[in-house]
Amino acid sequence: MRNPLLFYSLLSVCYSLFFYDHSPKMPTMLIIDKLNKSWPGFALQDISFDVNSGDYFVLLGKSGSGKTALLEIIAGITQADSGRIILNGHNIANQKIQNRNIGMVFQELALFPHMSVKDNLAYSLKNKNIPSAEIHDRVMEIARKFKIFHLLKRKPAKLSGGELQRTALARTLIRVPDILLLDEPLSSLDIELKREVRALLKLINKEGTTIIHVTHHYEEAIILANKIAVLNNGKLIQSGNTKDVFHHPASKFVANFTGVKNYFRSKFSQKEDKQIYIATINNEIEIYTTQKPLANEGFIIIRCEDITISLIQTNSSAVNQFEGSITEISHLPHYYEVTVDIGVQLTISLSEKSVLKLQLTLNKKVWVSFKATAVRII
């Protein structure tokens with residue numbers, strides 16, 4: 001090489017081009033900045049978080065933590081005492097509700113009982129000077145999309161829970177809002193309808209709708225969200241991507257409230273033994289469960305305290321047994337958390353006595369085991 005400097009410059013450029021992250025960066029759609037609101041006996045205090053375009057953002061917290069109140073402030077139903085709400089670069093904190101392009105589906109759904117499904121869908125468009133022919137076309141289009149076309153002449157009282165939820169979502173989305181706010185959308189549904197509406201919400205989000213979803217069920221956050229924020233007594237305790245918050249809780253409250261670290265997206269199949277099903281993680285790790293899956297894919301949860309750890313493989317009733325290496329040991333106030341890499345990261349809760357007895361250290365080879373009955377499908 002006649003010019004080594006030129007060679008290394010070209011090598012550096014090629015390295016940068018090869019390893020540069022070319023994945024699209026989604027723009028920030030919503031910024032909640034130092035939001036405050038006081039009522040007698042309760043206050044939302046200094047709430048701040050960002051939502052990117054295309055996010056499925058879950059606000060997670062116990063009943064009475066301020067989740068719904070925060071949604072109502074974002075929607076414009078309630079006025080904040082201070083702080084900013086930046087939507088697509090504009091501060092809308094003082095705008096009237098009708099001037100914010102935000103859609104909200106209430107927990108009670110709030111459909112007009114005296115109107116047909118068709119008239120409920122059309123209602124929000126009639127005050128926007130949209131020609132009648134266009135309103136008709138948009139109603140027909142969204143009714144087909146949400147599979148409620150055959151219900152257009154019915155009143156809400158004649159609809160099932162799933163049909164009501166689909167109608168409420170369609171009525172809100174027909175206006176094409178910048179962001180969709182959902183207040184406990186699955187709380188009143190039975191297990192089968194929850195699955196149906198969850199699938200619909202995933203589809204809506206996948207097609208580009210940015211969603212903020214309020215719930216007190218951590219399972220909904222695991223299944224639906226790419227980001228979450230945890231609220232407690234009017235304060236935002238932690239926010240971030242779902243995996244980070246569940247695996248690295250920032251406080252004892254978050255750890256106790258979420259209460260789960262071992263959750264994995266899986267594909268399901270049936271073992272030759274009809275009583276056992278297989279959950280396959282990353283197309284390689286097979287975990288046995290006795291719970292019958294209701295779909296081909298989903299999530300499994302294994303509680304930390306349901307997993308045992310040993311230095312050698314044991315003969316026991318635990319059909320799930322894996323060898324792995326210890327990657328992390330955390331000393332918490334009343335117990336230890338030991339993380340073992342078996343191809344995926346498993347977290348196990350152990351007493352201090354057990355950690356000392358087994359002489360557990362980083363990188364040590366161990367065996368983990370748990371029963372098929374300990375694996376829960378959500």
# chains A, B, ... in the order shown; residues from 1 in each chain; ligands from 1
>>> select_by_dssp(residues="range 202-291 of chain A", states="helix (DSSP H, G or I)", output="list in words")
Lys202, Leu203, Ile204, Asn205, Lys206, Tyr218, Glu219, Glu220, Ala221, Ile222, Ile223, Leu224, Thr242, Lys243, Asp244, Val245, Phe246, His247, Lys252, Phe253, Val254, Ala255, Asn256, Phe257 and Thr258 of chain A
>>> write_last_selection(atoms="N, CA and C atoms", output="short mmCIF file (atom, residue, chain, number, x, y, z; two decimals), in the first residue's frame")
data_model
loop_
_atom_site.label_atom_id
_atom_site.label_comp_id
_atom_site.auth_asym_id
_atom_site.auth_seq_id
_atom_site.Cartn_x
_atom_site.Cartn_y
_atom_site.Cartn_z
N LYS A 202 -53.41 -4.19 18.60
CA LYS A 202 -52.10 -4.41 17.99
C LYS A 202 -52.12 -4.03 16.51
N LEU A 203 -53.19 -4.41 15.83
CA LEU A 203 -53.32 -4.10 14.40
C LEU A 203 -53.41 -2.60 14.18
N ILE A 204 -54.22 -1.92 14.98
CA ILE A 204 -54.36 -0.46 14.86
C ILE A 204 -53.00 0.22 15.01
N ASN A 205 -52.24 -0.22 16.02
CA ASN A 205 -50.92 0.35 16.26
C ASN A 205 -49.95 0.01 15.13
N LYS A 206 -50.00 -1.24 14.66
CA LYS A 206 -49.10 -1.66 13.59
C LYS A 206 -49.34 -0.85 12.32
N TYR A 218 -50.35 -5.50 34.59
CA TYR A 218 -49.03 -5.54 33.97
C TYR A 218 -49.02 -6.45 32.74
N GLU A 219 -49.93 -7.44 32.68
CA GLU A 219 -49.95 -8.35 31.53
C GLU A 219 -50.27 -7.60 30.25
N GLU A 220 -51.15 -6.61 30.33
CA GLU A 220 -51.48 -5.82 29.14
C GLU A 220 -50.24 -5.07 28.64
N ALA A 221 -49.44 -4.55 29.58
CA ALA A 221 -48.22 -3.84 29.20
C ALA A 221 -47.25 -4.78 28.50
N ILE A 222 -47.09 -5.99 29.02
CA ILE A 222 -46.17 -6.97 28.43
C ILE A 222 -46.59 -7.31 27.01
N ILE A 223 -47.87 -7.54 26.82
CA ILE A 223 -48.38 -8.02 25.53
C ILE A 223 -48.41 -6.90 24.48
N LEU A 224 -48.75 -5.67 24.89
CA LEU A 224 -49.04 -4.62 23.92
C LEU A 224 -47.96 -3.55 23.77
N THR A 242 -40.37 -1.36 27.65
CA THR A 242 -41.04 -2.33 28.52
C THR A 242 -40.05 -3.30 29.16
N LYS A 243 -39.14 -3.81 28.38
CA LYS A 243 -38.19 -4.80 28.90
C LYS A 243 -37.33 -4.20 30.00
N ASP A 244 -36.83 -2.97 29.80
CA ASP A 244 -35.97 -2.35 30.81
C ASP A 244 -36.70 -2.12 32.12
N VAL A 245 -37.94 -1.65 32.04
CA VAL A 245 -38.69 -1.36 33.27
C VAL A 245 -38.99 -2.63 34.05
N PHE A 246 -39.38 -3.70 33.35
CA PHE A 246 -39.70 -4.95 34.05
C PHE A 246 -38.45 -5.65 34.57
N HIS A 247 -37.36 -5.57 33.83
CA HIS A 247 -36.15 -6.28 34.23
C HIS A 247 -35.26 -5.45 35.16
N LYS A 252 -38.44 -0.04 44.82
CA LYS A 252 -39.12 -1.18 45.41
C LYS A 252 -40.58 -1.23 44.97
N PHE A 253 -41.22 -0.05 44.84
CA PHE A 253 -42.61 -0.03 44.41
C PHE A 253 -42.77 -0.65 43.03
N VAL A 254 -41.92 -0.24 42.08
CA VAL A 254 -42.01 -0.77 40.71
C VAL A 254 -41.78 -2.27 40.71
N ALA A 255 -40.78 -2.71 41.48
CA ALA A 255 -40.48 -4.14 41.55
C ALA A 255 -41.66 -4.93 42.10
N ASN A 256 -42.27 -4.41 43.16
CA ASN A 256 -43.41 -5.12 43.77
C ASN A 256 -44.64 -5.06 42.88
N PHE A 257 -44.85 -3.94 42.22
CA PHE A 257 -46.06 -3.77 41.42
C PHE A 257 -46.01 -4.60 40.14
N THR A 258 -44.89 -4.53 39.44
CA THR A 258 -44.78 -5.31 38.20
C THR A 258 -44.64 -6.79 38.52
#
>>> residues_around(residues="Ser269 in chain A", least_positions_apart="2", cutoff="8 Å", atoms="only C-alpha atoms", output="PDB file with N, CA, C and O atoms, in the first residue's frame")
ATOM      1  N   LYS A 267     -43.701 -19.282  20.557  1.00  0.00           N
ATOM      2  CA  LYS A 267     -44.571 -19.976  19.614  1.00  0.00           C
ATOM      3  C   LYS A 267     -44.975 -21.294  20.260  1.00  0.00           C
ATOM      4  O   LYS A 267     -44.150 -21.955  20.889  1.00  0.00           O
ATOM      5  N   LYS A 271     -47.047 -31.301  22.465  1.00  0.00           N
ATOM      6  CA  LYS A 271     -46.171 -32.457  22.579  1.00  0.00           C
ATOM      7  C   LYS A 271     -46.989 -33.723  22.282  1.00  0.00           C
ATOM      8  O   LYS A 271     -48.216 -33.694  22.300  1.00  0.00           O
ATOM      9  N   TYR A 277     -47.741 -28.973  26.512  1.00  0.00           N
ATOM     10  CA  TYR A 277     -47.579 -28.095  25.354  1.00  0.00           C
ATOM     11  C   TYR A 277     -46.174 -27.508  25.385  1.00  0.00           C
ATOM     12  O   TYR A 277     -45.547 -27.401  26.445  1.00  0.00           O
ATOM     13  N   ILE A 278     -45.686 -27.120  24.228  1.00  0.00           N
ATOM     14  CA  ILE A 278     -44.321 -26.602  24.104  1.00  0.00           C
ATOM     15  C   ILE A 278     -44.379 -25.119  23.743  1.00  0.00           C
ATOM     16  O   ILE A 278     -45.055 -24.728  22.787  1.00  0.00           O
ATOM     17  N   ALA A 279     -43.654 -24.306  24.519  1.00  0.00           N
ATOM     18  CA  ALA A 279     -43.460 -22.895  24.201  1.00  0.00           C
ATOM     19  C   ALA A 279     -42.028 -22.738  23.702  1.00  0.00           C
ATOM     20  O   ALA A 279     -41.080 -23.000  24.442  1.00  0.00           O
ATOM     21  N   ASN A 296     -51.413 -19.499  18.328  1.00  0.00           N
ATOM     22  CA  ASN A 296     -50.127 -20.079  17.946  1.00  0.00           C
ATOM     23  C   ASN A 296     -48.941 -19.336  18.545  1.00  0.00           C
ATOM     24  O   ASN A 296     -47.843 -19.885  18.651  1.00  0.00           O
TER      25      ASN A 296
END
>>> residues_around(residues="range 318-332 of chain A", least_positions_apart="6", cutoff="12 Å", atoms="only C-alpha atoms", output="PyMOL selection string")
chain A and resi 247-249+251-252+255+276-279+285-290+302+306-312+338-352+355-356+359-375
>>> select_by_dssp(residues="range 24-229 of chain A", states="strand (DSSP E or B)", output="VMD selection string")
chain A and resid 28 to 39 42 to 52 56 to 61 82 to 87 90 to 91 102 to 105 179 to 183 210 to 215 227 to 229
>>> closest_residue(among="A:Ile148, A:Glu305, A:Leu71, A:Pro27", to="Gly89 in chain A", atoms="only C-alpha atoms")
A:Pro27
>>> closest_residue(among="A:Lys62, A:Arg303, A:Lys34, A:Lys235", to="Ala93 in chain A", atoms="only C-alpha atoms")
A:Lys34
>>> residues_around(residues="Leu60 in chain A", least_positions_apart="4", cutoff="7 Å", atoms="only C-alpha atoms", output="PyMOL selection string")
chain A and resi 214-216+228-231
>>> write_last_selection(atoms="all heavy atoms", output="tab-separated table (two decimals), in the first residue's frame")
chain	number	residue	atom	x	y	z
A	214	VAL	N	-54.09	3.24	29.27
A	214	VAL	CA	-54.06	3.22	30.74
A	214	VAL	C	-54.56	1.87	31.25
A	214	VAL	O	-55.58	1.37	30.79
A	214	VAL	CB	-54.95	4.35	31.29
A	214	VAL	CG1	-55.46	4.04	32.69
A	214	VAL	CG2	-54.19	5.67	31.31
A	215	THR	N	-53.82	1.29	32.20
A	215	THR	CA	-54.25	0.03	32.80
A	215	THR	C	-53.58	-0.17	34.15
A	215	THR	O	-52.56	0.46	34.44
A	215	THR	CB	-53.93	-1.17	31.89
A	215	THR	OG1	-54.42	-2.37	32.47
A	215	THR	CG2	-52.42	-1.31	31.68
A	216	HIS	N	-54.14	-1.08	34.97
A	216	HIS	CA	-53.46	-1.51	36.19
A	216	HIS	C	-53.01	-2.96	36.08
A	216	HIS	O	-52.55	-3.55	37.04
A	216	HIS	CB	-54.36	-1.31	37.42
A	216	HIS	CG	-55.66	-2.07	37.35
A	216	HIS	ND1	-56.78	-1.57	36.73
A	216	HIS	CD2	-56.01	-3.28	37.81
A	216	HIS	CE1	-57.77	-2.45	36.82
A	216	HIS	NE2	-57.32	-3.50	37.47
A	228	ILE	N	-43.42	1.91	28.57
A	228	ILE	CA	-44.37	2.08	29.67
A	228	ILE	C	-43.89	3.16	30.62
A	228	ILE	O	-42.71	3.50	30.67
A	228	ILE	CB	-44.60	0.76	30.46
A	228	ILE	CG1	-43.34	0.33	31.21
A	228	ILE	CG2	-45.08	-0.35	29.56
A	228	ILE	CD1	-43.58	-0.86	32.13
A	229	ALA	N	-44.83	3.70	31.37
A	229	ALA	CA	-44.54	4.59	32.48
A	229	ALA	C	-45.35	4.11	33.68
A	229	ALA	O	-46.52	3.74	33.53
A	229	ALA	CB	-44.90	6.04	32.14
A	230	VAL	N	-44.73	4.08	34.84
A	230	VAL	CA	-45.38	3.61	36.06
A	230	VAL	C	-45.72	4.80	36.94
A	230	VAL	O	-44.84	5.60	37.28
A	230	VAL	CB	-44.49	2.62	36.83
A	230	VAL	CG1	-45.22	2.10	38.07
A	230	VAL	CG2	-44.09	1.45	35.93
A	231	LEU	N	-47.00	4.93	37.30
A	231	LEU	CA	-47.47	6.02	38.16
A	231	LEU	C	-47.82	5.48	39.53
A	231	LEU	O	-48.35	4.38	39.66
A	231	LEU	CB	-48.71	6.68	37.56
A	231	LEU	CG	-48.55	7.58	36.34
A	231	LEU	CD1	-49.92	8.04	35.85
A	231	LEU	CD2	-47.69	8.80	36.67
>>> residues_around(residues="Pro113 in chain A", least_positions_apart="5", cutoff="10 Å", atoms="only C-alpha atoms", output="PyMOL selection string")
chain A and resi 120+155-158
>>> write_last_selection(atoms="C-alpha atoms", output="PDB file, in the first residue's frame")
ATOM      1  CA  ASN A 120     -72.483   7.131  16.306  1.00  0.00           C
ATOM      2  CA  LYS A 155     -78.405   0.598  18.862  1.00  0.00           C
ATOM      3  CA  PRO A 156     -75.620   0.171  21.475  1.00  0.00           C
ATOM      4  CA  ALA A 157     -77.979  -1.732  23.814  1.00  0.00           C
ATOM      5  CA  LYS A 158     -78.110  -4.560  21.253  1.00  0.00           C
TER       6      LYS A 158
END
>>> atom_distance(atom1="CA of Thr280 in chain A", atom2="CA of Ala295 in chain A")
13.3 Å
>>> residues_around(residues="Gly208 in chain A", least_positions_apart="3", cutoff="12 Å", atoms="only C-alpha atoms", output="ChimeraX atom specification")
/A:26,52-56,173,176-180,201-205,211
>>> atom_distance(atom1="CA of Ile86 in chain A", atom2="CA of Met29 in chain A")
7.9 Å
>>> residues_around(residues="Val105 in chain A", least_positions_apart="3", cutoff="12 Å", atoms="only C-alpha atoms", output="PyMOL selection string")
chain A and resi 68+71-72+75+102+108-111+164-173+177+179-186+211-214
>>> closest_residue(among="A:Arg265, A:Lys128, A:Lys145, A:Arg84", to="Glu207 in chain A", atoms="only C-alpha atoms")
A:Lys145
>>> closest_residue(among="A:Asn88, A:Ser354, A:Gln45, A:Asn99", to="Asn232 in chain A", atoms="only C-alpha atoms")
A:Gln45
>>> atom_distance(atom1="CA of His114 in chain A", atom2="CA of Arg154 in chain A")
10.1 Å
